file entry.txt (compact mmCIF, C-alpha atoms and all ligand atoms)
# COMPACT_ATOMS: atom_id res chain seq x y z
CA ASP A 19 7.45 -20.49 3.81
CA ILE A 20 8.45 -16.99 4.88
CA LYS A 21 6.60 -17.25 8.19
CA ASN A 22 8.29 -20.45 9.32
CA GLY A 23 10.77 -19.91 12.07
CA CYS A 24 10.45 -16.14 12.14
CA MET A 25 11.16 -14.19 15.32
CA LEU A 26 8.31 -11.73 14.89
CA TYR A 27 5.09 -12.53 13.07
CA VAL A 28 2.52 -9.76 12.60
CA GLU A 29 -0.40 -10.64 10.36
CA ASP A 30 -3.48 -8.76 9.16
CA VAL A 31 -3.21 -6.30 12.03
CA SER A 32 -5.43 -3.22 12.03
CA VAL A 33 -6.04 -0.49 14.57
CA SER A 34 -8.27 2.56 14.40
CA PHE A 35 -8.25 5.73 16.47
CA ASP A 36 -11.65 7.44 16.44
CA GLY A 37 -12.57 5.70 13.19
CA PHE A 38 -9.25 6.52 11.49
CA LYS A 39 -7.28 3.42 10.44
CA ALA A 40 -3.74 4.13 11.60
CA ILE A 41 -2.72 0.50 10.87
CA ASN A 42 -4.54 -1.23 8.04
CA ASN A 43 -3.99 -4.97 7.46
CA LEU A 44 -0.32 -4.80 8.29
CA ASN A 45 1.87 -7.87 7.69
CA LEU A 46 5.41 -7.99 9.02
CA TYR A 47 7.68 -11.03 9.35
CA ILE A 48 11.10 -10.59 10.93
CA ASP A 49 13.63 -13.44 10.91
CA GLU A 50 15.84 -14.45 13.77
CA GLY A 51 19.00 -12.34 13.65
CA GLU A 52 17.65 -10.08 10.92
CA LEU A 53 18.31 -6.34 10.73
CA ARG A 54 15.26 -4.67 9.15
CA CYS A 55 14.75 -1.00 8.39
CA ILE A 56 11.27 0.49 8.38
CA ILE A 57 10.76 3.72 6.48
CA GLY A 58 7.71 5.71 5.48
CA PRO A 59 6.40 9.26 5.41
CA ASN A 60 5.06 10.99 8.53
CA GLY A 61 1.80 9.45 9.66
CA ALA A 62 2.51 6.14 7.87
CA GLY A 63 2.00 4.21 11.11
CA LYS A 64 5.60 3.48 12.13
CA THR A 65 5.16 4.52 15.77
CA THR A 66 1.82 2.76 16.07
CA MET A 67 3.39 -0.40 14.61
CA MET A 68 6.08 -0.32 17.31
CA ASP A 69 3.44 0.38 19.96
CA ILE A 70 1.63 -2.77 18.86
CA ILE A 71 4.77 -4.93 18.93
CA THR A 72 5.65 -3.71 22.43
CA GLY A 73 2.09 -4.01 23.76
CA LYS A 74 1.49 -0.31 24.31
CA THR A 75 -1.37 -0.39 21.80
CA LYS A 76 -3.65 -3.37 21.24
CA PRO A 77 -4.90 -3.86 17.67
CA ASP A 78 -8.58 -4.26 16.83
CA THR A 79 -7.93 -7.31 14.64
CA GLY A 80 -5.07 -9.53 13.49
CA SER A 81 -2.40 -11.62 15.17
CA ALA A 82 1.09 -11.02 16.49
CA TYR A 83 3.48 -13.73 17.68
CA PHE A 84 7.00 -13.51 19.04
CA GLY A 85 9.43 -16.42 18.93
CA GLN A 86 6.67 -18.50 17.31
CA LYS A 87 4.75 -19.38 20.46
CA ILE A 88 4.32 -16.14 22.40
CA ASN A 89 1.03 -14.41 21.62
CA LEU A 90 1.83 -10.72 21.96
CA LEU A 91 -1.81 -9.71 21.89
CA GLU A 92 -2.46 -11.50 25.18
CA MET A 93 0.40 -9.83 27.02
CA SER A 94 0.93 -6.55 28.85
CA GLU A 95 3.72 -4.12 27.97
CA PRO A 96 5.96 -5.21 30.91
CA GLU A 97 5.37 -8.89 30.11
CA ILE A 98 6.46 -8.31 26.52
CA ALA A 99 9.61 -6.50 27.66
CA GLN A 100 10.28 -9.41 30.00
CA ALA A 101 9.85 -11.88 27.13
CA GLY A 102 12.74 -10.23 25.26
CA ILE A 103 11.55 -7.25 23.23
CA GLY A 104 13.52 -4.09 24.00
CA ARG A 105 12.62 -0.65 22.69
CA LYS A 106 14.76 2.41 22.38
CA PHE A 107 12.90 5.66 21.97
CA GLN A 108 14.32 8.56 20.02
CA LYS A 109 15.13 10.67 23.06
CA PRO A 110 17.82 9.16 25.32
CA THR A 111 16.69 8.54 28.87
CA VAL A 112 19.94 7.73 30.63
CA PHE A 113 20.41 8.68 34.28
CA GLU A 114 22.55 11.76 33.72
CA GLU A 115 24.06 11.89 37.21
CA GLN A 116 25.14 8.24 37.15
CA SER A 117 28.26 6.86 35.49
CA VAL A 118 28.17 4.77 32.31
CA PHE A 119 28.90 1.67 34.39
CA ASP A 120 26.13 2.44 36.90
CA ASN A 121 23.59 3.06 34.14
CA LEU A 122 24.37 -0.36 32.69
CA GLU A 123 24.20 -1.95 36.13
CA LEU A 124 20.79 -0.39 36.80
CA ALA A 125 19.54 -1.47 33.37
CA MET A 126 20.52 -5.09 34.02
CA ALA A 127 17.69 -5.49 36.50
CA GLY A 128 15.16 -3.85 34.19
CA PRO A 129 12.86 -0.97 34.94
CA ARG A 130 11.45 -2.65 38.03
CA GLY A 131 14.67 -3.91 39.53
CA VAL A 132 16.41 -0.66 40.40
CA LEU A 133 16.25 -1.01 44.17
CA PRO A 134 17.40 -4.64 44.46
CA THR A 135 20.36 -3.85 42.18
CA LEU A 136 21.46 -0.87 44.24
CA PHE A 137 21.59 -2.95 47.41
CA SER A 138 23.24 -6.07 46.10
CA LYS A 139 26.80 -6.72 45.03
CA LEU A 140 27.57 -7.64 41.43
CA ASN A 141 28.91 -11.11 40.82
CA GLY A 142 31.74 -11.77 38.36
CA GLU A 143 29.43 -12.83 35.59
CA GLN A 144 27.34 -9.66 35.88
CA ARG A 145 30.48 -7.52 35.92
CA ASP A 146 31.72 -9.32 32.78
CA HIS A 147 28.40 -8.67 31.06
CA ILE A 148 28.66 -4.94 31.79
CA GLU A 149 32.29 -4.86 30.56
CA GLN A 150 31.36 -6.72 27.40
CA VAL A 151 28.47 -4.35 26.63
CA MET A 152 30.72 -1.32 27.26
CA VAL A 153 33.11 -2.66 24.61
CA GLN A 154 30.21 -3.35 22.24
CA ILE A 155 28.95 0.24 22.49
CA GLY A 156 32.47 1.69 22.40
CA LEU A 157 32.33 3.28 25.86
CA GLN A 158 34.88 1.07 27.63
CA ASP A 159 37.15 4.07 28.22
CA HIS A 160 34.28 6.07 29.73
CA SER A 161 33.16 3.58 32.36
CA MET A 162 33.28 6.08 35.23
CA ALA A 163 32.25 9.14 33.19
CA ARG A 164 29.11 10.94 34.31
CA SER A 165 26.52 10.06 31.65
CA GLY A 166 25.30 13.64 31.44
CA ALA A 167 28.76 14.62 30.20
CA LEU A 168 28.69 12.22 27.22
CA SER A 169 28.15 13.43 23.65
CA HIS A 170 24.72 13.01 22.05
CA GLY A 171 25.95 9.98 20.11
CA GLN A 172 27.52 8.36 23.17
CA LYS A 173 24.27 8.77 25.10
CA GLN A 174 22.40 7.00 22.31
CA TRP A 175 24.90 4.13 22.38
CA LEU A 176 24.66 3.93 26.16
CA GLU A 177 20.93 3.58 25.86
CA ILE A 178 21.34 0.76 23.35
CA GLY A 179 23.77 -0.76 25.85
CA MET A 180 21.13 -0.47 28.57
CA LEU A 181 18.75 -2.48 26.39
CA LEU A 182 21.47 -5.07 25.76
CA MET A 183 21.89 -5.61 29.51
CA GLN A 184 18.55 -7.41 29.42
CA ASN A 185 19.57 -9.81 26.62
CA PRO A 186 16.69 -8.94 24.31
CA LYS A 187 15.91 -11.23 21.37
CA LEU A 188 14.37 -8.36 19.43
CA LEU A 189 15.39 -4.70 19.58
CA LEU A 190 13.24 -1.86 18.28
CA VAL A 191 15.25 1.29 17.63
CA ASP A 192 13.56 4.57 16.79
CA GLU A 193 15.52 7.09 14.71
CA PRO A 194 18.93 6.21 16.12
CA VAL A 195 20.95 8.74 14.12
CA ALA A 196 18.77 11.85 14.49
CA GLY A 197 21.08 14.71 15.46
CA MET A 198 24.28 12.68 15.05
CA THR A 199 27.50 13.73 13.31
CA HIS A 200 28.63 11.69 10.28
CA GLN A 201 31.25 9.99 12.38
CA GLU A 202 28.68 9.04 15.01
CA MET A 203 26.40 7.75 12.26
CA ASP A 204 29.15 5.48 10.92
CA ARG A 205 29.79 4.16 14.41
CA THR A 206 26.05 3.56 14.91
CA ALA A 207 25.86 1.66 11.62
CA GLU A 208 28.69 -0.59 12.84
CA LEU A 209 27.02 -1.09 16.20
CA LEU A 210 23.59 -2.01 14.80
CA THR A 211 25.14 -4.28 12.17
CA SER A 212 27.14 -6.04 14.87
CA LEU A 213 23.97 -6.67 16.91
CA ALA A 214 22.23 -8.44 14.02
CA GLY A 215 22.83 -12.17 14.00
CA LYS A 216 22.70 -12.35 17.75
CA HIS A 217 19.53 -10.26 18.00
CA SER A 218 16.75 -9.37 15.58
CA VAL A 219 16.77 -5.61 15.10
CA ILE A 220 14.08 -3.30 13.71
CA VAL A 221 15.25 0.22 12.94
CA VAL A 222 12.83 3.03 12.09
CA GLU A 223 14.81 5.76 10.38
CA HIS A 224 14.31 8.72 8.07
CA ASP A 225 17.90 9.13 6.94
CA MET A 226 18.07 7.21 3.64
CA ASP A 227 21.88 7.21 3.41
CA PHE A 228 21.99 5.62 6.83
CA VAL A 229 19.33 3.06 5.89
CA ARG A 230 21.32 2.17 2.81
CA SER A 231 24.46 1.74 4.90
CA ILE A 232 22.93 -0.85 7.24
CA ALA A 233 19.95 -2.58 5.70
CA LYS A 234 19.67 -5.68 3.61
CA LYS A 235 15.91 -5.50 3.62
CA VAL A 236 13.73 -2.42 3.89
CA THR A 237 9.99 -2.19 4.52
CA VAL A 238 8.10 0.90 3.38
CA LEU A 239 4.98 1.71 5.35
CA HIS A 240 2.28 3.92 3.88
CA GLN A 241 -1.20 4.58 5.27
CA GLY A 242 -0.79 1.81 7.81
CA SER A 243 0.17 -0.97 5.37
CA VAL A 244 3.29 -2.32 3.70
CA LEU A 245 3.69 -0.46 0.41
CA ALA A 246 6.92 -2.17 -0.65
CA GLU A 247 9.57 -4.48 0.72
CA GLY A 248 13.00 -5.36 -0.60
CA SER A 249 16.56 -4.16 -0.97
CA MET A 250 17.25 -0.42 -0.95
CA ASP A 251 17.80 -0.56 -4.73
CA GLN A 252 14.45 -2.26 -5.26
CA ILE A 253 12.74 0.23 -2.97
CA GLN A 254 14.25 3.28 -4.62
CA SER A 255 13.28 2.18 -8.11
CA ASN A 256 9.72 1.28 -7.09
CA PRO A 257 7.31 3.73 -8.79
CA ARG A 258 4.76 3.52 -5.97
CA VAL A 259 7.41 4.43 -3.41
CA LYS A 260 8.62 7.34 -5.55
CA GLU A 261 5.07 8.62 -5.79
CA VAL A 262 4.56 8.55 -2.02
CA TYR A 263 7.82 10.33 -1.28
CA LEU A 264 7.43 12.94 -4.01
CA GLY A 265 3.95 13.70 -2.74
CA GLU A 266 5.20 14.39 0.77
P1 LIG B 1 4.48 7.63 12.02
O1 LIG B 1 5.19 7.17 13.24
O2 LIG B 1 4.78 6.81 10.80
O3 LIG B 1 4.67 9.09 11.75
P2 LIG B 1 2.08 7.20 13.60
O4 LIG B 1 2.04 5.76 13.93
O5 LIG B 1 2.56 8.12 14.67
O6 LIG B 1 2.90 7.42 12.24
O7 LIG B 1 0.63 7.68 13.21
C1 LIG B 1 -0.18 7.06 12.21
C2 LIG B 1 -1.48 7.80 12.12
O8 LIG B 1 -2.28 7.51 13.26
C3 LIG B 1 -1.34 9.30 12.08
O9 LIG B 1 -2.28 9.82 11.18
C4 LIG B 1 -1.61 9.74 13.51
O10 LIG B 1 -2.17 11.04 13.53
C5 LIG B 1 -2.62 8.70 13.96
N1 LIG B 1 -2.53 8.40 15.40
C6 LIG B 1 -1.50 7.80 16.02
N2 LIG B 1 -1.73 7.64 17.34
C7 LIG B 1 -2.97 8.17 17.56
C8 LIG B 1 -3.81 8.32 18.72
N3 LIG B 1 -3.42 7.87 19.92
N4 LIG B 1 -5.01 8.92 18.55
C9 LIG B 1 -5.41 9.35 17.35
N5 LIG B 1 -4.67 9.24 16.23
C10 LIG B 1 -3.47 8.66 16.31
call {"tool": "encode", "arguments": {"input": "entry.txt", "output": "structure tokens"}}
result
Amino acid sequence: DIKNGCMLYVEDVSVSFDGFKAINNLNLYIDEGELRCIIGPNGAGKTTMMDIITGKTKPDTGSAYFGQKINLLEMSEPEIAQAGIGRKFQKPTVFEEQSVFDNLELAMAGPRGVLPTLFSKLNGEQRDHIEQVMVQIGLQDHSMARSGALSHGQKQWLEIGMLLMQNPKLLLVDEPVAGMTHQEMDRTAELLTSLAGKHSVIVVEHDMDFVRSIAKKVTVLHQGSVLAEGSMDQIQSNPRVKEVYLGE
């Protein structure tokens, strides 16, 4: 059974805004360690779907479970973050005046732990975690660099690193390669691929070449529901998907 043992279970979820169904009987099952790409034309419901998973929007009907037992619909946004769902928005929000290292240190405590972190000394284990994440995101040689001086791509990786400091089980990443050079895109593909296995990762992305380069399984959203799901080859030869994209 596809639902058994999955990390994220979203079933029959619907949400309306002023009578308009932005999400319409959505089903989404993400396995532990899976890297899933979500694509779909503008207005398909991708942002609203992520808002539901992270607790920012509560659906009118349906169910959503995380790690099998955690009922996402009964939890607040901070509680869901605490439970291990991290979200990276499209626009980087690093502290520009702080170094790479300090941004990672601040992120370790989470959005509410900034003050305690500033006034306490790091232990060896915490320092190791920061070092390890810096290697993961390829910024180990920029530890003391002012974050505002990093390239666009490096800032995006730093922000992924900031999410990793909280050991999330599931990462939601919104348009990670928008505005990146080809080289930065390749590096981002490597990074996201390396995170899968250890974390479940959901990537919302418009760039089809990038999606092809990272995804085993792709979900196409259209009018708030899943239109198609499968490998990139299956998706691209699906007549219903072609219709939706040609009509855009
Ligand atoms: P996507 O991210 O795929 O572009 P969205 O989830 O942002 O799609 O939007 C899905 C649909 O829901 C769109 O038609 C959008 O206008 C509508 N929508 C989203 N959020 C709201 C809101 N807060 N109020 C009214 N309509 C909304």
call {"tool": "closest_atom_pairs", "arguments": {"input": "entry.txt", "of": "chain A", "to": "ligand LIG 1 (chain B)", "cutoff": "12 Å", "atoms": "only C-alpha atoms and all ligand atoms", "output": "CSV"}}
result
residue,atom,partner,partner_atom,distance
A:Ser32,CA,B:LIG1,O8,11.3
A:Val33,CA,B:LIG1,O8,8.9
A:Ser34,CA,B:LIG1,N5,7.8
A:Phe35,CA,B:LIG1,C9,4.7
A:Asp36,CA,B:LIG1,C9,6.6
A:Gly37,CA,B:LIG1,C9,9.0
A:Phe38,CA,B:LIG1,N5,7.1
A:Lys39,CA,B:LIG1,O8,7.0
A:Ala40,CA,B:LIG1,O8,4.0
A:Ile41,CA,B:LIG1,C1,7.2
A:Asn42,CA,B:LIG1,C1,10.3
A:Ile56,CA,B:LIG1,O2,9.4
A:Ile57,CA,B:LIG1,O2,8.0
A:Gly58,CA,B:LIG1,O2,6.2
A:Pro59,CA,B:LIG1,O2,6.1
A:Asn60,CA,B:LIG1,O3,3.8
A:Gly61,CA,B:LIG1,O6,3.5
A:Ala62,CA,B:LIG1,O2,3.8
A:Gly63,CA,B:LIG1,O4,3.2
A:Lys64,CA,B:LIG1,O2,3.7
A:Thr65,CA,B:LIG1,O1,3.7
A:Thr66,CA,B:LIG1,O4,3.7
A:Met67,CA,B:LIG1,O4,6.3
A:Met68,CA,B:LIG1,O4,8.0
A:Asp69,CA,B:LIG1,O4,8.2
A:Ile70,CA,B:LIG1,O4,9.9
A:Lys74,CA,B:LIG1,N3,10.5
A:Thr75,CA,B:LIG1,N3,8.7
A:Lys76,CA,B:LIG1,N3,11.3
A:Pro77,CA,B:LIG1,N2,11.9
A:Phe107,CA,B:LIG1,O1,11.7
A:Gln108,CA,B:LIG1,O1,11.5
A:Asp192,CA,B:LIG1,O1,9.5
A:Glu193,CA,B:LIG1,O1,10.4
A:Val222,CA,B:LIG1,O1,8.8
A:Glu223,CA,B:LIG1,O2,10.1
A:His224,CA,B:LIG1,O2,10.1
A:Val238,CA,B:LIG1,O2,10.1
A:Leu239,CA,B:LIG1,O2,7.5
A:His240,CA,B:LIG1,O2,7.9
A:Gln241,CA,B:LIG1,C1,7.4
A:Gly242,CA,B:LIG1,C1,6.9
A:Ser243,CA,B:LIG1,O2,10.5
A:Val244,CA,B:LIG1,O2,11.7
call {"tool": "write_last_selection", "arguments": {"input": "entry.txt", "atoms": "C-alpha atoms", "output": "compact mmCIF listing (two decimals), in the frame of the given file"}}
result
# COMPACT_ATOMS: atom_id res chain seq x y z
CA SER A 32 -5.43 -3.22 12.03
CA VAL A 33 -6.04 -0.49 14.57
CA SER A 34 -8.27 2.56 14.40
CA PHE A 35 -8.25 5.73 16.47
CA ASP A 36 -11.65 7.44 16.44
CA GLY A 37 -12.57 5.70 13.19
CA PHE A 38 -9.25 6.52 11.49
CA LYS A 39 -7.28 3.42 10.44
CA ALA A 40 -3.74 4.13 11.60
CA ILE A 41 -2.72 0.50 10.87
CA ASN A 42 -4.54 -1.23 8.04
CA ILE A 56 11.27 0.49 8.38
CA ILE A 57 10.76 3.72 6.48
CA GLY A 58 7.71 5.71 5.48
CA PRO A 59 6.40 9.26 5.41
CA ASN A 60 5.06 10.99 8.53
CA GLY A 61 1.80 9.45 9.66
CA ALA A 62 2.51 6.14 7.87
CA GLY A 63 2.00 4.21 11.11
CA LYS A 64 5.60 3.48 12.13
CA THR A 65 5.16 4.52 15.77
CA THR A 66 1.82 2.76 16.07
CA MET A 67 3.39 -0.40 14.61
CA MET A 68 6.08 -0.32 17.31
CA ASP A 69 3.44 0.38 19.96
CA ILE A 70 1.63 -2.77 18.86
CA LYS A 74 1.49 -0.31 24.31
CA THR A 75 -1.37 -0.39 21.80
CA LYS A 76 -3.65 -3.37 21.24
CA PRO A 77 -4.90 -3.86 17.67
CA PHE A 107 12.90 5.66 21.97
CA GLN A 108 14.32 8.56 20.02
CA ASP A 192 13.56 4.57 16.79
CA GLU A 193 15.52 7.09 14.71
CA VAL A 222 12.83 3.03 12.09
CA GLU A 223 14.81 5.76 10.38
CA HIS A 224 14.31 8.72 8.07
CA VAL A 238 8.10 0.90 3.38
CA LEU A 239 4.98 1.71 5.35
CA HIS A 240 2.28 3.92 3.88
CA GLN A 241 -1.20 4.58 5.27
CA GLY A 242 -0.79 1.81 7.81
CA SER A 243 0.17 -0.97 5.37
CA VAL A 244 3.29 -2.32 3.70
call {"tool": "residues_around", "arguments": {"input": "entry.txt", "residues": "A:Glu29", "least_positions_apart": "3", "cutoff": "7 Å", "atoms": "only C-alpha atoms", "output": "list in words"}}
result
Leu44, Asn45, Leu46, Gly80, Ser81 and Ala82 of chain A
call {"tool": "residues_near_point", "arguments": {"input": "entry.txt", "point": "(13.8, -9.8, 9.3)", "cutoff": "8 Å", "atoms": "all atoms listed in the file", "output": "PyMOL selection string"}}
result
chain A and resi 24-25+47-54+218-220+235
call {"tool": "closest_residue", "arguments": {"input": "entry.txt", "among": "A:Val236, A:Val153, A:Met183, A:Leu124", "to": "A:Lys139", "atoms": "only C-alpha atoms"}}
result
A:Leu124
call {"tool": "closest_residue", "arguments": {"input": "entry.txt", "among": "A:Leu182, A:Val191, A:Leu168, A:Leu213", "to": "A:Val151", "atoms": "only C-alpha atoms"}}
result
A:Leu182
call {"tool": "closest_residue", "arguments": {"input": "entry.txt", "among": "A:Val31, A:Met152, A:Val195, A:Ile71", "to": "A:Lys109", "atoms": "all atoms listed in the file"}}
result
A:Val195
